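Next comes my_file_26.tsv, a file with TSV, C-alpha atoms and all ligand atoms.
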```tsv
chain	number	residue	atom	x	y	z
A	1	MET	CA	-36.55	-13.24	7.17
A	2	LYS	CA	-39.42	-14.95	5.40
A	3	PRO	CA	-38.53	-18.46	4.23
A	4	ILE	CA	-38.27	-18.86	0.45
A	5	ASN	CA	-40.90	-21.61	0.73
A	6	ASP	CA	-43.39	-20.25	3.28
A	7	THR	CA	-46.35	-22.40	2.11
A	8	PHE	CA	-46.53	-24.10	5.50
A	9	LEU	CA	-46.74	-20.79	7.42
A	10	ARG	CA	-49.35	-19.41	5.03
A	11	ALA	CA	-51.50	-22.55	5.36
A	12	LEU	CA	-51.29	-22.28	9.16
A	13	ARG	CA	-52.56	-18.69	8.88
A	14	ARG	CA	-55.39	-19.90	6.58
A	15	GLU	CA	-54.04	-17.93	3.64
A	16	LYS	CA	-54.26	-19.23	0.07
A	17	THR	CA	-51.46	-21.55	-1.06
A	18	GLU	CA	-50.53	-23.10	-4.42
A	19	TYR	CA	-50.59	-26.62	-2.96
A	20	THR	CA	-51.05	-28.36	0.39
A	21	PRO	CA	-47.82	-28.20	2.42
A	22	VAL	CA	-46.63	-31.38	4.14
A	23	TRP	CA	-44.32	-32.38	6.98
A	24	LEU	CA	-44.45	-35.55	9.08
A	25	MET	CA	-44.32	-36.04	12.82
A	26	ARG	CA	-41.05	-37.84	13.68
A	27	GLN	CA	-39.80	-37.18	10.15
A	28	ALA	CA	-36.22	-37.47	11.43
A	29	GLY	CA	-35.72	-40.86	13.00
A	30	ARG	CA	-34.80	-44.50	12.89
A	31	TYR	CA	-36.65	-45.34	9.65
A	32	LEU	CA	-33.94	-43.34	7.80
A	33	PRO	CA	-30.62	-45.16	7.22
A	34	GLU	CA	-28.75	-41.83	7.26
A	35	TYR	CA	-30.25	-41.12	10.72
A	36	ARG	CA	-29.18	-44.54	12.07
A	37	LYS	CA	-25.63	-43.81	10.94
A	38	VAL	CA	-25.40	-40.52	12.85
A	39	ARG	CA	-27.19	-42.04	15.86
A	40	GLU	CA	-24.62	-44.86	15.93
A	41	ARG	CA	-21.71	-42.46	15.61
A	42	MET	CA	-23.01	-40.43	18.58
A	43	GLY	CA	-23.51	-43.50	20.79
A	44	SER	CA	-26.87	-42.58	22.34
A	45	PHE	CA	-30.02	-40.65	21.57
A	46	MET	CA	-29.27	-38.02	24.21
A	47	ALA	CA	-25.68	-37.57	23.00
A	48	LEU	CA	-27.13	-36.90	19.54
A	49	ALA	CA	-29.77	-34.51	20.88
A	50	ARG	CA	-27.20	-32.62	22.98
A	51	ASN	CA	-24.83	-32.06	20.05
A	52	PRO	CA	-26.01	-29.07	17.97
A	53	GLU	CA	-24.08	-30.04	14.81
A	54	ALA	CA	-25.37	-33.63	14.86
A	55	ALA	CA	-28.92	-32.52	15.75
A	56	CYS	CA	-28.75	-30.09	12.83
A	57	GLU	CA	-27.55	-32.80	10.46
A	58	VAL	CA	-30.44	-35.17	11.27
A	59	THR	CA	-33.00	-32.34	11.20
A	60	LEU	CA	-32.08	-31.61	7.60
A	61	GLN	CA	-31.96	-35.23	6.40
A	62	PRO	CA	-35.70	-35.75	5.72
A	63	VAL	CA	-36.13	-32.19	4.40
A	64	GLU	CA	-33.45	-32.75	1.79
A	65	ARG	CA	-34.42	-36.32	0.93
A	66	PHE	CA	-38.16	-35.70	0.48
A	67	GLY	CA	-38.57	-31.97	-0.22
A	68	LEU	CA	-40.80	-31.42	2.80
A	69	ASP	CA	-42.31	-27.99	3.44
A	70	ALA	CA	-41.00	-27.62	7.01
A	71	ALA	CA	-38.16	-28.83	9.20
A	72	ILE	CA	-38.75	-29.82	12.83
A	73	LEU	CA	-36.08	-29.32	15.45
A	74	PHE	CA	-34.43	-32.62	16.33
A	75	SER	CA	-34.84	-33.06	20.08
A	76	ASP	CA	-37.32	-34.72	22.41
A	77	ILE	CA	-40.20	-33.63	24.62
A	78	LEU	CA	-38.49	-35.22	27.62
A	79	THR	CA	-35.56	-32.76	27.64
A	80	VAL	CA	-37.64	-30.48	29.89
A	81	PRO	CA	-38.13	-32.97	32.79
A	82	ASP	CA	-34.51	-34.01	32.28
A	83	ALA	CA	-33.50	-30.37	32.86
A	84	MET	CA	-35.60	-30.46	36.07
A	85	GLY	CA	-33.13	-33.02	37.40
A	86	LEU	CA	-35.15	-36.20	36.82
A	87	GLY	CA	-32.27	-37.99	35.03
A	88	LEU	CA	-33.42	-39.12	31.57
A	89	SER	CA	-31.97	-42.07	29.70
A	90	PHE	CA	-33.20	-44.21	26.83
A	91	VAL	CA	-32.87	-47.92	27.48
A	92	ALA	CA	-32.82	-50.11	24.35
A	93	GLY	CA	-36.17	-51.85	23.92
A	94	GLU	CA	-37.68	-50.07	26.93
A	95	GLY	CA	-37.95	-46.48	25.79
A	96	PRO	CA	-37.41	-43.49	28.06
A	97	VAL	CA	-36.58	-44.01	31.75
A	98	PHE	CA	-36.31	-41.40	34.51
A	99	ALA	CA	-33.88	-42.19	37.35
A	100	ARG	CA	-35.83	-39.97	39.77
A	101	PRO	CA	-39.57	-40.13	38.96
A	102	VAL	CA	-41.98	-37.80	40.77
A	103	GLN	CA	-43.69	-40.22	43.16
A	104	SER	CA	-43.90	-38.44	46.51
A	105	GLU	CA	-45.27	-35.16	47.82
A	106	GLU	CA	-41.70	-34.10	48.57
A	107	ALA	CA	-40.65	-34.78	44.97
A	108	VAL	CA	-43.59	-32.69	43.72
A	109	ARG	CA	-42.69	-29.82	46.02
A	110	SER	CA	-39.06	-29.76	44.91
A	111	LEU	CA	-39.88	-29.41	41.18
A	112	TYR	CA	-38.64	-26.19	39.61
A	113	VAL	CA	-38.78	-24.32	36.30
A	114	PRO	CA	-35.44	-24.81	34.52
A	115	ASP	CA	-33.70	-21.87	32.83
A	116	PRO	CA	-33.97	-22.66	29.11
A	117	ASN	CA	-30.83	-20.69	28.31
A	118	THR	CA	-28.60	-22.63	30.71
A	119	GLU	CA	-29.93	-26.16	31.36
A	120	LEU	CA	-31.43	-26.39	27.86
A	121	ARG	CA	-28.89	-24.25	26.08
A	122	TYR	CA	-27.96	-27.17	23.79
A	123	VAL	CA	-31.50	-27.01	22.32
A	124	MET	CA	-31.22	-23.27	21.62
A	125	ASP	CA	-27.76	-23.81	20.07
A	126	ALA	CA	-29.27	-26.50	17.83
A	127	VAL	CA	-32.05	-24.10	16.76
A	128	ARG	CA	-29.49	-21.43	15.76
A	129	GLU	CA	-27.35	-24.01	13.96
A	130	ILE	CA	-30.36	-25.39	12.03
A	131	ARG	CA	-31.57	-21.91	11.02
A	132	ARG	CA	-28.10	-21.18	9.63
A	133	ALA	CA	-27.97	-24.48	7.73
A	134	LEU	CA	-31.53	-24.13	6.38
A	135	ALA	CA	-30.66	-20.68	5.02
A	136	ASP	CA	-34.39	-19.78	4.87
A	137	ARG	CA	-35.31	-22.61	2.49
A	138	VAL	CA	-38.24	-23.81	4.66
A	139	PRO	CA	-39.53	-22.79	8.11
A	140	LEU	CA	-38.25	-24.45	11.28
A	141	ILE	CA	-40.80	-25.84	13.77
A	142	GLY	CA	-39.98	-25.84	17.49
A	143	PHE	CA	-41.87	-28.07	19.91
A	144	SER	CA	-42.57	-29.19	23.43
A	145	GLY	CA	-44.71	-31.76	25.22
A	146	SER	CA	-47.92	-30.59	26.91
A	147	PRO	CA	-47.81	-30.26	30.71
A	148	PHE	CA	-50.03	-33.35	31.10
A	149	THR	CA	-48.07	-35.53	28.67
A	150	LEU	CA	-44.81	-34.57	30.38
A	151	ALA	CA	-46.40	-35.29	33.78
A	152	CYS	CA	-47.32	-38.82	32.62
A	153	TYR	CA	-43.64	-39.64	31.98
A	154	MET	CA	-42.43	-37.79	35.10
A	155	ILE	CA	-44.84	-39.65	37.41
A	156	GLU	CA	-44.71	-43.10	35.77
A	157	GLY	CA	-40.92	-42.86	35.36
A	158	GLY	CA	-41.21	-43.89	31.70
A	159	SER	CA	-43.74	-45.13	29.16
A	160	SER	CA	-47.01	-46.62	30.41
A	161	LYS	CA	-50.10	-48.28	28.96
A	162	ASP	CA	-52.65	-47.35	31.61
A	163	PHE	CA	-51.09	-44.34	33.42
A	164	TYR	CA	-51.83	-46.01	36.74
A	165	ALA	CA	-49.72	-43.73	38.96
A	166	THR	CA	-50.70	-40.53	37.12
A	167	LYS	CA	-54.44	-41.23	37.20
A	168	ARG	CA	-54.29	-42.43	40.78
A	169	MET	CA	-52.70	-39.09	41.75
A	170	MET	CA	-55.32	-37.24	39.68
A	171	TYR	CA	-58.23	-38.87	41.54
A	172	GLU	CA	-56.59	-39.13	44.98
A	173	ARG	CA	-54.50	-35.96	45.20
A	174	PRO	CA	-55.61	-33.61	42.40
A	175	ASP	CA	-53.81	-30.77	44.23
A	176	LEU	CA	-50.45	-32.51	43.69
A	177	LEU	CA	-51.07	-33.13	39.99
A	178	HIS	CA	-52.16	-29.51	39.56
A	179	ARG	CA	-48.93	-28.42	41.19
A	180	ILE	CA	-46.86	-30.49	38.75
A	181	LEU	CA	-48.89	-29.20	35.80
A	182	ASP	CA	-48.44	-25.61	36.92
A	183	VAL	CA	-44.63	-26.00	37.07
A	184	ASN	CA	-44.67	-27.79	33.69
A	185	ALA	CA	-46.79	-25.07	32.08
A	186	ARG	CA	-44.38	-22.36	33.25
A	187	ALA	CA	-41.38	-24.46	32.17
A	188	VAL	CA	-42.85	-25.13	28.70
A	189	THR	CA	-43.77	-21.45	28.22
A	190	ASP	CA	-40.21	-20.35	28.99
A	191	TYR	CA	-38.77	-23.19	26.89
A	192	LEU	CA	-40.89	-22.40	23.81
A	193	ASN	CA	-40.26	-18.65	24.15
A	194	ALA	CA	-36.51	-19.36	24.23
A	195	GLN	CA	-36.89	-21.50	21.07
A	196	ILE	CA	-38.78	-18.63	19.41
A	197	GLU	CA	-36.04	-16.17	20.41
A	198	ALA	CA	-33.42	-18.59	19.04
A	199	GLY	CA	-35.23	-18.69	15.68
A	200	VAL	CA	-38.06	-21.26	15.38
A	201	GLN	CA	-40.85	-19.97	13.10
A	202	ALA	CA	-43.81	-22.04	14.39
A	203	VAL	CA	-44.29	-24.24	17.46
A	204	GLN	CA	-46.17	-27.46	18.11
A	205	ILE	CA	-47.34	-28.67	21.52
A	206	PHE	CA	-47.52	-32.50	21.58
A	207	ASP	CA	-50.32	-33.66	23.88
A	208	THR	CA	-49.76	-37.31	23.12
A	209	TRP	CA	-51.63	-38.63	26.18
A	210	GLY	CA	-54.38	-36.00	26.67
A	211	GLY	CA	-56.75	-38.37	24.86
A	212	ALA	CA	-56.36	-40.92	27.68
A	213	LEU	CA	-58.31	-38.62	30.02
A	214	ALA	CA	-62.03	-38.73	30.80
A	215	HIS	CA	-64.30	-35.97	29.52
A	216	GLY	CA	-64.02	-33.07	31.94
A	217	LYS	CA	-60.65	-34.26	33.23
A	218	TYR	CA	-59.13	-33.50	29.83
A	219	GLN	CA	-60.33	-29.90	30.08
A	220	GLU	CA	-59.21	-29.55	33.71
A	221	PHE	CA	-55.85	-31.35	33.64
A	222	SER	CA	-54.64	-30.90	30.08
A	223	LEU	CA	-56.31	-28.22	27.97
A	224	LYS	CA	-56.34	-25.61	30.74
A	225	TYR	CA	-52.53	-25.72	30.95
A	226	VAL	CA	-52.10	-25.79	27.16
A	227	SER	CA	-54.23	-22.60	27.01
A	228	GLN	CA	-52.06	-21.06	29.72
A	229	ILE	CA	-48.95	-21.75	27.62
A	230	VAL	CA	-50.47	-20.41	24.40
A	231	SER	CA	-51.41	-17.13	26.09
A	232	GLY	CA	-47.86	-16.77	27.45
A	233	LEU	CA	-46.07	-17.28	24.13
A	234	LYS	CA	-44.37	-14.55	22.11
A	235	LYS	CA	-46.65	-13.84	19.18
A	236	THR	CA	-44.03	-12.59	16.74
A	237	SER	CA	-40.39	-13.03	15.94
A	238	ASP	CA	-38.39	-10.97	13.52
A	239	GLY	CA	-41.59	-9.16	12.48
A	240	GLU	CA	-43.38	-12.40	11.50
A	241	SER	CA	-46.18	-14.09	13.47
A	242	VAL	CA	-45.26	-17.43	15.09
A	243	PRO	CA	-48.20	-19.85	14.64
A	244	VAL	CA	-48.99	-22.40	17.37
A	245	ILE	CA	-50.16	-25.96	16.61
A	246	VAL	CA	-51.79	-28.07	19.33
A	247	PHE	CA	-51.80	-31.82	18.66
A	248	THR	CA	-53.86	-33.93	21.07
A	249	LYS	CA	-53.83	-37.59	20.13
A	250	GLY	CA	-57.37	-38.88	20.66
A	251	GLY	CA	-58.62	-35.30	21.07
A	252	GLY	CA	-60.99	-35.25	18.09
A	253	ILE	CA	-64.08	-35.27	20.31
A	254	TRP	CA	-62.93	-32.04	21.98
A	255	ILE	CA	-61.93	-29.98	18.95
A	256	GLU	CA	-64.43	-27.21	19.65
A	257	ASP	CA	-62.82	-26.74	23.08
A	258	ILE	CA	-59.31	-26.97	21.61
A	259	ALA	CA	-60.20	-24.37	18.98
A	260	ARG	CA	-60.81	-21.91	21.82
A	261	CYS	CA	-57.37	-22.35	23.47
A	262	GLY	CA	-55.78	-19.63	21.37
A	263	ALA	CA	-53.82	-21.94	19.03
A	264	ASP	CA	-53.70	-21.19	15.30
A	265	CYS	CA	-53.93	-24.82	14.22
A	266	ILE	CA	-55.27	-28.11	15.59
A	267	GLY	CA	-53.37	-31.31	14.83
A	268	LEU	CA	-55.71	-34.29	14.39
A	269	ASP	CA	-55.20	-38.05	14.42
A	270	TRP	CA	-56.78	-40.39	11.87
A	271	THR	CA	-59.95	-41.13	13.87
A	272	VAL	CA	-61.45	-37.80	12.79
A	273	SER	CA	-62.86	-36.61	9.46
A	274	LEU	CA	-61.01	-33.45	8.43
A	275	GLY	CA	-64.11	-32.36	6.51
A	276	THR	CA	-66.34	-32.62	9.58
A	277	ALA	CA	-63.71	-30.87	11.70
A	278	ARG	CA	-63.46	-28.08	9.14
A	279	GLN	CA	-67.23	-27.55	9.22
A	280	SER	CA	-67.18	-27.14	13.00
A	281	VAL	CA	-64.05	-25.09	13.66
A	282	ALA	CA	-62.12	-24.10	10.57
A	283	ASP	CA	-63.40	-20.56	10.51
A	284	ARG	CA	-61.25	-20.08	13.61
A	285	VAL	CA	-58.22	-22.38	13.16
A	286	SER	CA	-56.32	-24.28	10.51
A	287	LEU	CA	-56.11	-28.09	10.64
A	288	GLN	CA	-53.14	-30.44	10.43
A	289	GLY	CA	-53.24	-34.14	9.67
A	290	ASN	CA	-54.29	-36.86	9.51
A	291	MET	CA	-53.30	-39.96	7.51
A	292	ASP	CA	-52.91	-43.16	9.50
A	293	PRO	CA	-49.12	-43.79	9.65
A	294	MET	CA	-49.83	-47.51	9.12
A	295	ALA	CA	-51.15	-46.77	5.62
A	296	LEU	CA	-47.48	-46.31	4.70
A	297	PHE	CA	-47.15	-50.12	4.84
A	298	ALA	CA	-49.78	-50.78	2.17
A	299	GLY	CA	-47.72	-50.14	-0.97
A	300	GLU	CA	-47.42	-47.14	-3.22
A	301	ALA	CA	-50.82	-47.24	-4.94
A	302	ALA	CA	-52.69	-47.48	-1.64
A	303	ILE	CA	-50.56	-44.73	-0.10
A	304	ARG	CA	-51.30	-42.39	-3.01
A	305	ALA	CA	-55.03	-43.17	-2.84
A	306	GLU	CA	-55.10	-42.57	0.91
A	307	ALA	CA	-53.26	-39.24	0.55
A	308	ARG	CA	-55.86	-38.12	-2.02
A	309	ARG	CA	-58.69	-39.24	0.26
A	310	VAL	CA	-57.32	-37.11	3.13
A	311	ILE	CA	-56.95	-34.06	0.86
A	312	ASP	CA	-60.47	-34.54	-0.54
A	313	ASP	CA	-61.87	-35.07	2.95
A	314	PHE	CA	-60.59	-31.65	4.01
A	315	GLY	CA	-62.26	-30.30	0.89
A	316	ALA	CA	-62.12	-26.59	0.09
A	317	VAL	CA	-58.69	-27.20	-1.37
A	318	GLY	CA	-57.33	-23.86	-2.48
A	319	SER	CA	-58.85	-21.84	0.31
A	320	GLY	CA	-55.91	-22.66	2.62
A	321	GLY	CA	-55.99	-23.92	6.15
A	322	HIS	CA	-54.75	-27.50	5.68
A	323	VAL	CA	-51.28	-28.76	6.53
A	324	PHE	CA	-50.88	-32.39	5.51
A	325	ASN	CA	-49.34	-34.68	8.14
A	326	LEU	CA	-49.77	-38.15	9.57
A	327	GLY	CA	-52.17	-38.67	12.47
A	328	HIS	CA	-49.19	-39.59	14.68
A	329	GLY	CA	-45.44	-40.16	14.32
A	330	ILE	CA	-44.00	-42.16	11.46
A	331	ALA	CA	-43.41	-45.82	12.41
A	332	GLN	CA	-39.87	-47.15	12.72
A	333	LYS	CA	-40.24	-49.85	10.04
A	334	THR	CA	-41.55	-47.46	7.37
A	335	GLU	CA	-39.63	-47.63	4.08
A	336	PRO	CA	-38.23	-44.23	3.07
A	337	GLU	CA	-39.36	-44.82	-0.57
A	338	MET	CA	-42.97	-44.95	0.64
A	339	VAL	CA	-42.57	-41.57	2.34
A	340	ALA	CA	-41.19	-40.19	-0.93
A	341	ALA	CA	-44.33	-41.43	-2.73
A	342	LEU	CA	-46.57	-39.84	-0.10
A	343	VAL	CA	-44.89	-36.42	-0.31
A	344	ASP	CA	-44.96	-36.55	-4.10
A	345	GLU	CA	-48.69	-37.38	-4.15
A	346	VAL	CA	-49.62	-34.63	-1.66
A	347	HIS	CA	-47.75	-32.04	-3.69
A	348	ALA	CA	-48.88	-33.21	-7.15
A	349	TYR	CA	-52.55	-33.92	-6.36
A	350	SER	CA	-53.13	-30.79	-4.26
A	351	ARG	CA	-51.47	-28.61	-6.93
A	352	ILE	CA	-54.02	-29.78	-9.49
A	353	LYS	CA	-56.85	-29.11	-7.06
A	354	HIS	CA	-55.67	-25.64	-6.00
B	1	LIG	O1	-40.46	-35.18	14.73
B	1	LIG	C1	-39.22	-35.17	14.66
B	1	LIG	O2	-38.59	-35.70	13.74
B	1	LIG	C2	-38.43	-34.40	15.72
B	1	LIG	C3	-37.91	-35.17	16.80
B	1	LIG	C4	-38.80	-35.78	17.88
B	1	LIG	C5	-38.40	-36.93	18.61
B	1	LIG	N1	-39.31	-37.13	19.61
B	1	LIG	C6	-37.19	-37.69	18.35
B	1	LIG	C7	-37.03	-39.04	18.93
B	1	LIG	C8	-40.03	-35.35	18.40
B	1	LIG	C9	-40.93	-34.22	17.96
B	1	LIG	C10	-40.33	-36.22	19.51
B	1	LIG	C11	-41.53	-36.05	20.37
B	1	LIG	C12	-41.84	-37.05	21.39
B	1	LIG	N2	-40.97	-37.77	22.19
B	1	LIG	C13	-43.16	-37.37	21.81
B	1	LIG	C14	-44.43	-36.73	21.28
B	1	LIG	C15	-44.80	-37.23	19.94
B	1	LIG	C16	-45.32	-38.63	19.93
B	1	LIG	O3	-44.67	-39.47	19.29
B	1	LIG	O4	-46.37	-38.87	20.51
B	1	LIG	C17	-43.06	-38.35	22.83
B	1	LIG	C18	-44.22	-39.00	23.55
B	1	LIG	C19	-41.68	-38.59	23.07
B	1	LIG	C20	-41.06	-39.50	24.10
B	1	LIG	C21	-40.18	-40.51	23.50
B	1	LIG	N3	-38.96	-40.22	22.93
B	1	LIG	C22	-40.42	-41.90	23.33
B	1	LIG	C23	-41.64	-42.64	23.85
B	1	LIG	C24	-39.33	-42.42	22.62
B	1	LIG	C25	-39.20	-43.84	22.10
B	1	LIG	C26	-38.15	-44.63	22.73
B	1	LIG	C27	-37.81	-45.84	21.89
B	1	LIG	O5	-36.66	-46.26	22.01
B	1	LIG	O6	-38.65	-46.32	21.12
B	1	LIG	C28	-38.43	-41.37	22.37
B	1	LIG	C29	-37.10	-41.45	21.70
B	1	LIG	C30	-36.96	-40.73	20.41
B	1	LIG	N4	-37.30	-39.41	20.23
B	1	LIG	C31	-36.44	-41.24	19.19
B	1	LIG	C32	-36.47	-40.18	18.26
B	1	LIG	C33	-35.98	-40.22	16.83
B	1	LIG	C34	-35.89	-42.65	18.97
B	1	LIG	C35	-34.72	-42.95	19.84
B	1	LIG	C36	-33.42	-43.28	19.15
B	1	LIG	O7	-33.12	-42.82	18.04
B	1	LIG	O8	-32.65	-43.99	19.79
```
Kindly transcribe the structure held in the file into structure tokens.
Ligand code: CP3
Amino acid sequence: MKPINDTFLRALRREKTEYTPVWLMRQAGRYLPEYRKVRERMGSFMALARNPEAACEVTLQPVERFGLDAAILFSDILTVPDAMGLGLSFVAGEGPVFARPVQSEEAVRSLYVPDPNTELRYVMDAVREIRRALADRVPLIGFSGSPFTLACYMIEGGSSKDFYATKRMMYERPDLLHRILDVNARAVTDYLNAQIEAGVQAVQIFDTWGGALAHGKYQEFSLKYVSQIVSGLKKTSDGESVPVIVFTKGGGIWIEDIARCGADCIGLDWTVSLGTARQSVADRVSLQGNMDPMALFAGEAAIRAEARRVIDDFGAVGSGGHVFNLGHGIAQKTEPEMVAALVDEVHAYSRIKH
């Protein structure tokens, strides 16, 4: 069934829309008091993510509070390596930690592609639960990490600033990194296809750390595997096409390459001009982005001005092809009232322009 509000899907397909649709990366999360309540009740992030009813509840919170044009499945990119047996936990103040990081040739060789309908069944159950609760009001976005971004966490064993172990493996034993990336690409393809079968109506691949790679290495170790995934994805569900968004933080310099990976839309961070990007690739793909999430700390007038600047920068308002978003996830200390002002401005200003 087509969602009642399908503005987001039409913008992704570069069709005309009445206004610019908006959703925000990490729209469900700790900046929302109603999220913190559920998170506390569940005891841990993973307990919340593994419980379909609770995951559904927090998925809907920002959609209902702000009137966003899409919902995004509440889960995490690290559920896939967790399902490979790496043992994920979130340690307060430290972020994600893997009990069994991939740091030896033996560990690389024993990696396997998890069955998304058994090891990750809780994610598919959450998707079905959310679709029921949304009742076709807005589309549901599914997601996964890119093979390279997942590999960074799997090899480092958690967050990292310099990706020492990952890059050392890349330069010293590229064959081992390629082996990890190949398993990850197959795992992500199966995982996203299972999400599509369970009911997600668009998917986003988060390549959060692709931008940390050198020119050439990005193409070889990240984009190649993203392309492999995109070509393996189911193109339609329930008679509707399922658009694919590829977000590479720091990937603005490679957008012409990214535009050739088969994705329908490129997610951009704030370092790029949407107008310039549109001139170079927007006859092939739609664009998503790209307000600096830190602008949400500048007060309402500045937020509204910045939202208008982003919409004007894209230009060609009315011809479709722009999904408004932040250039990265919403920061934890953001005030919900500021997000409300942002969503209101995007809707009101773009409606006048369309
Ligand atoms: O966008 C959404 O609202 C959907 C949910 C979502 C989460 N993580 C929930 C979450 C999505 C799409 C993600 C993606 C994700 N997770 C990425 C890619 C996007 C990006 O931000 O670059 C990455 C790199 C991760 C890995 C991850 N998960 C980190 C580094 C952390 C932070 C740990 C910390 O304590 O600061 C997480 C945990 C996480 N994932 C939280 C949420 C709401 C916060 C943990 C909590 O509530 O306890």
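From CA of Ala263 in chain A back to CA of Val310 in chain A, the distance works out to 22.3 Å.
You will find CA of Val97 in chain A at 13.7 Å from CA of Val80 in chain A.
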Which of these, A:Ser160, A:Ser319, A:Ser241, A:Thr271, has the shortest distance to ligand LIG 1 (chain B) once you count all atoms listed in the file?
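Looking at the shortest contact to ligand LIG 1 (chain B), the residue is A:Ser160.
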Record the distance separating CA of Ala301 in chain A and CA of Glu18 in chain A, expressed in Å with one decimal.
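Result for CA of Ala301 in chain A versus CA of Glu18 in chain A: 24.1 Å, one decimal.
Of the listed residues A:Leu233, A:Ser159, A:Ile4, A:Arg260, the one whose atoms come nearest to Glu94 in chain A is A:Ser159, with distances taken using only C-alpha atoms.
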Gly87 in chain A surroundings by only C-alpha atoms, 10 Å radius, close-in-sequence under 3 positions cut, as a list in words
Thr79, Pro81, Asp82, Ala83, Met84, Val97, Phe98, Ala99, Arg100, Pro101 and Gly157 of chain A
Report, as lines of an AutoDock Vina configuration file, the axis-aligned box around all atoms of range 284-298 of chain A present in the file, extended by 3 Å on each side; give centre and edge lengths in Å to one decimal place.
```
center_x = -54.2
center_y = -35.4
center_z = 7.9
size_x = 20.1
size_y = 36.7
size_z = 17.4
```
Show me which residues are within 8 Å of ligand LIG 1 (chain B) counting all atoms listed in the file, and format the list as a VMD selection string.
chain A and resid 24 to 30 36 39 44 to 45 59 72 to 78 90 to 96 143 to 145 149 158 to 159 206 to 209 249 328 to 329
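The closest residue to Arg186 in chain A, picked from A:Thr166, A:Gln219, A:Gln228, A:Thr334 and counting only C-alpha atoms, is A:Gln228.
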From (-53.6, -20.4, 27.6), in the file's coordinates, out to 10 Å: which residues are reached, counting all atoms listed in the file? Answer as a CSV table (one decimal) with C-alpha atoms, in the coordinates of the input.
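The new file point.csv reads:
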```
chain,number,residue,atom,x,y,z
A,185,ALA,CA,-46.8,-25.1,32.1
A,189,THR,CA,-43.8,-21.4,28.2
A,223,LEU,CA,-56.3,-28.2,28.0
A,224,LYS,CA,-56.3,-25.6,30.7
A,225,TYR,CA,-52.5,-25.7,31.0
A,226,VAL,CA,-52.1,-25.8,27.2
A,227,SER,CA,-54.2,-22.6,27.0
A,228,GLN,CA,-52.1,-21.1,29.7
A,229,ILE,CA,-49.0,-21.8,27.6
A,230,VAL,CA,-50.5,-20.4,24.4
A,231,SER,CA,-51.4,-17.1,26.1
A,232,GLY,CA,-47.9,-16.8,27.4
A,233,LEU,CA,-46.1,-17.3,24.1
A,260,ARG,CA,-60.8,-21.9,21.8
A,261,CYS,CA,-57.4,-22.4,23.5
A,262,GLY,CA,-55.8,-19.6,21.4
A,263,ALA,CA,-53.8,-21.9,19.0
```
Top pick for closest residue to Lys2 in chain A, considering A:Gly250, A:Pro116, A:Pro139, A:Gly216 and counting all atoms listed in the file
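Closest to Lys2 in chain A, using all atoms listed in the file: A:Pro139.
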From the set A:Met294, A:Tyr35, A:Ile155, A:Arg173, which residue has the shortest atom-to-atom contact distance to Leu48 in chain A, counting all atoms listed in the file?
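Closest candidate: A:Tyr35.
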Mind checking which residues fall within 7 Å of Gly327 in chain A, counting only C-alpha atoms, ignoring those fewer than 5 positions away in the same chain, and posting them as a list in words?
Leu268, Asp269, Trp270, Gly289, Asn290, Met291, Asp292 and Pro293 of chain A
Name the residues within 9 Å of (-57.5, -37.9, 25.1), counting all atoms listed in the file in the file's coordinates, and put them as number ranges by chain.
A: 207-215, 218, 248-254
Quick one: residues within 12 Å of Lys16 in chain A, all atoms listed in the file, excluding same-chain residues fewer than 4 positions away - as a PyMOL selection string?
chain A and resi 6-12+20-21+286+316-323+354
Can you spit out range 70-76 of chain A with N, CA, C and O atoms, as a PDB file, in the first residue's frame, from the structure just given?
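Dumped everything to selection14.pdb:
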```
ATOM      1  N   ALA A  70       8.944  10.809   7.240  1.00  0.00           N
ATOM      2  CA  ALA A  70       9.315   9.389   7.195  1.00  0.00           C
ATOM      3  C   ALA A  70       9.684   8.938   8.600  1.00  0.00           C
ATOM      4  O   ALA A  70      10.118   9.743   9.437  1.00  0.00           O
ATOM      5  N   ALA A  71       9.488   7.652   8.846  1.00  0.00           N
ATOM      6  CA  ALA A  71       9.943   7.027  10.087  1.00  0.00           C
ATOM      7  C   ALA A  71      11.186   6.215   9.744  1.00  0.00           C
ATOM      8  O   ALA A  71      11.300   5.714   8.625  1.00  0.00           O
ATOM      9  N   ILE A  72      12.124   6.102  10.678  1.00  0.00           N
ATOM     10  CA  ILE A  72      13.254   5.188  10.460  1.00  0.00           C
ATOM     11  C   ILE A  72      13.241   4.149  11.556  1.00  0.00           C
ATOM     12  O   ILE A  72      13.090   4.470  12.739  1.00  0.00           O
ATOM     13  N   LEU A  73      13.357   2.904  11.115  1.00  0.00           N
ATOM     14  CA  LEU A  73      13.418   1.754  12.007  1.00  0.00           C
ATOM     15  C   LEU A  73      14.349   2.044  13.183  1.00  0.00           C
ATOM     16  O   LEU A  73      15.477   2.495  12.970  1.00  0.00           O
ATOM     17  N   PHE A  74      13.899   1.777  14.408  1.00  0.00           N
ATOM     18  CA  PHE A  74      14.794   1.940  15.539  1.00  0.00           C
ATOM     19  C   PHE A  74      15.601   0.671  15.723  1.00  0.00           C
ATOM     20  O   PHE A  74      15.073  -0.385  16.068  1.00  0.00           O
ATOM     21  N   SER A  75      16.905   0.782  15.469  1.00  0.00           N
ATOM     22  CA  SER A  75      17.821  -0.345  15.642  1.00  0.00           C
ATOM     23  C   SER A  75      19.228   0.240  15.640  1.00  0.00           C
ATOM     24  O   SER A  75      19.399   1.406  15.988  1.00  0.00           O
ATOM     25  N   ASP A  76      20.209  -0.523  15.249  1.00  0.00           N
ATOM     26  CA  ASP A  76      21.559   0.011  15.147  1.00  0.00           C
ATOM     27  C   ASP A  76      22.307  -0.711  14.038  1.00  0.00           C
ATOM     28  O   ASP A  76      21.987  -1.861  13.725  1.00  0.00           O
TER      29      ASP A  76
END
```
